[in-house]
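Undergrad: Please find one structure pasted underneath; my questions will follow.
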Amino acid sequence: MMELLLKENVEHLGIRGDIVKVRAGYGRNYLIPKGLALMATRANIRLIERERQRLVKLAEAELAAARSLSEKLATLTLTFPRKAGEKGTLYGSVTSMDVAEALAAQQLEVERRQIVLKEPIKALGEYEVPVRLHRDVTVALKVVVVSDTPAAATAAPAATPTDTAAPSTAPAAE
């Protein structure tokens with residue numbers, strides 16, 4: 001058996017910074033060559049402790065930036081004009097990429113994968129689209145899909161779901 005200091009999280013073994021006892025072959029042949037662990041010496045323990053302090057400061061800065069951005073997004077409403085049929089169904093859809101591009105046009109940096117849109121928006125109406133900025137910060141972004149032709153907007157029913165991007169009443173199958 002040998003004592004190793006983990007540099008990364010290893011499933012079923014431990015998290016970064018843990019000192020673990022493993023079989024010598026597992027440590028020498030897998031953990032150390034892959035860069036997942038170091039020998040548990042005093043110098044290496046101090047090195048990992050400094051790294052951990054740096055990561056804590058970095059995580060705090062990321063959380064503060066996410067909270068600041070969430071305050072901006074909470075007050076924002078994005079409007080998407082789209083071609084729609086008589087019953088309010090769109091000829092296209094509004095996707096997470098469309099939302100990300102609209103946010104980028106307003107100088108707000110949000111990646112497409114942070115926008116939690118379960119399925120594309122395919123009907124006119126108002127939607128609450130969750131945006132996960134950080135594992136602890138999720139904000140509901142208001143998205144309004146309107147018809148780009150005024151005649152269709154008056155004939156179309158407004159769908160107003162609250163927590164998902166799918167309308168509460170599904171359009172009839174054609």
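Identifiers for the structure tokens are assigned positionally: chains receive A, B, ... in sequence, residues are indexed from 1 per chain, and ligands are indexed from 1 in the order shown.
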DSSP on the backbone, then: every residue of chain A marked strand (DSSP E), written as a ChimeraX atom specification.
TA: /A:2-6,19-22,37-39,77-82,89-94,121-123,125-134,137-147
Undergrad: Between atom CA of A:Asp98 and atom CA of A:Leu78, what is the spacing in Å?
TA: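 Atom-to-atom, atom CA of A:Leu78 and atom CA of A:Asp98 are spaced 10.3 Å apart.
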Undergrad: Using only C-alpha atoms, can you tell me which of A:Val143, A:Val131, A:Val20, A:Ala123 comes closest to A:Ser70?
TA: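 Of A:Val143, A:Val131, A:Val20, A:Ala123, the one nearest A:Ser70, counting only C-alpha atoms, is A:Val131.
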Undergrad: Which residue out of A:Ala66, A:Val10, A:Val146, A:Ala102 has the minimum interatomic distance to A:Ala84 when only C-alpha atoms are used?
TA: A:Val146
Undergrad: Could you list, as a count of residues only, every residue within 12 Å of A:Arg52, counting only C-alpha atoms and ignoring same-chain residues fewer than 3 positions away?
TA: 17
Undergrad: Set the distance at 10 Å and use only C-alpha atoms: which residues neighbour A:Glu109 once local chain neighbours fewer than 5 positions away are removed? I'd like the list as an mmCIF file with N, CA and C atoms, in the first residue's frame.
TA:
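So the final result, stored in selection.cif, reads:
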data_model
loop_
_atom_site.group_PDB
_atom_site.id
_atom_site.type_symbol
_atom_site.label_atom_id
_atom_site.label_comp_id
_atom_site.auth_asym_id
_atom_site.auth_seq_id
_atom_site.Cartn_x
_atom_site.Cartn_y
_atom_site.Cartn_z
ATOM 1 N N LEU A 69 -24.528 39.026 -13.199
ATOM 2 C CA LEU A 69 -25.182 38.802 -14.487
ATOM 3 C C LEU A 69 -26.637 38.374 -14.306
ATOM 4 N N ALA A 100 -29.103 32.865 -27.100
ATOM 5 C CA ALA A 100 -27.705 33.234 -26.849
ATOM 6 C C ALA A 100 -27.257 34.363 -27.782
ATOM 7 N N GLU A 101 -27.678 34.312 -29.055
ATOM 8 C CA GLU A 101 -27.315 35.370 -29.990
ATOM 9 C C GLU A 101 -27.967 36.700 -29.615
ATOM 10 N N LEU A 103 -28.759 37.633 -26.584
ATOM 11 C CA LEU A 103 -28.046 38.127 -25.406
ATOM 12 C C LEU A 103 -26.687 38.703 -25.803
ATOM 13 N N ALA A 104 -26.011 38.066 -26.749
ATOM 14 C CA ALA A 104 -24.713 38.563 -27.214
ATOM 15 C C ALA A 104 -24.870 39.914 -27.903
#
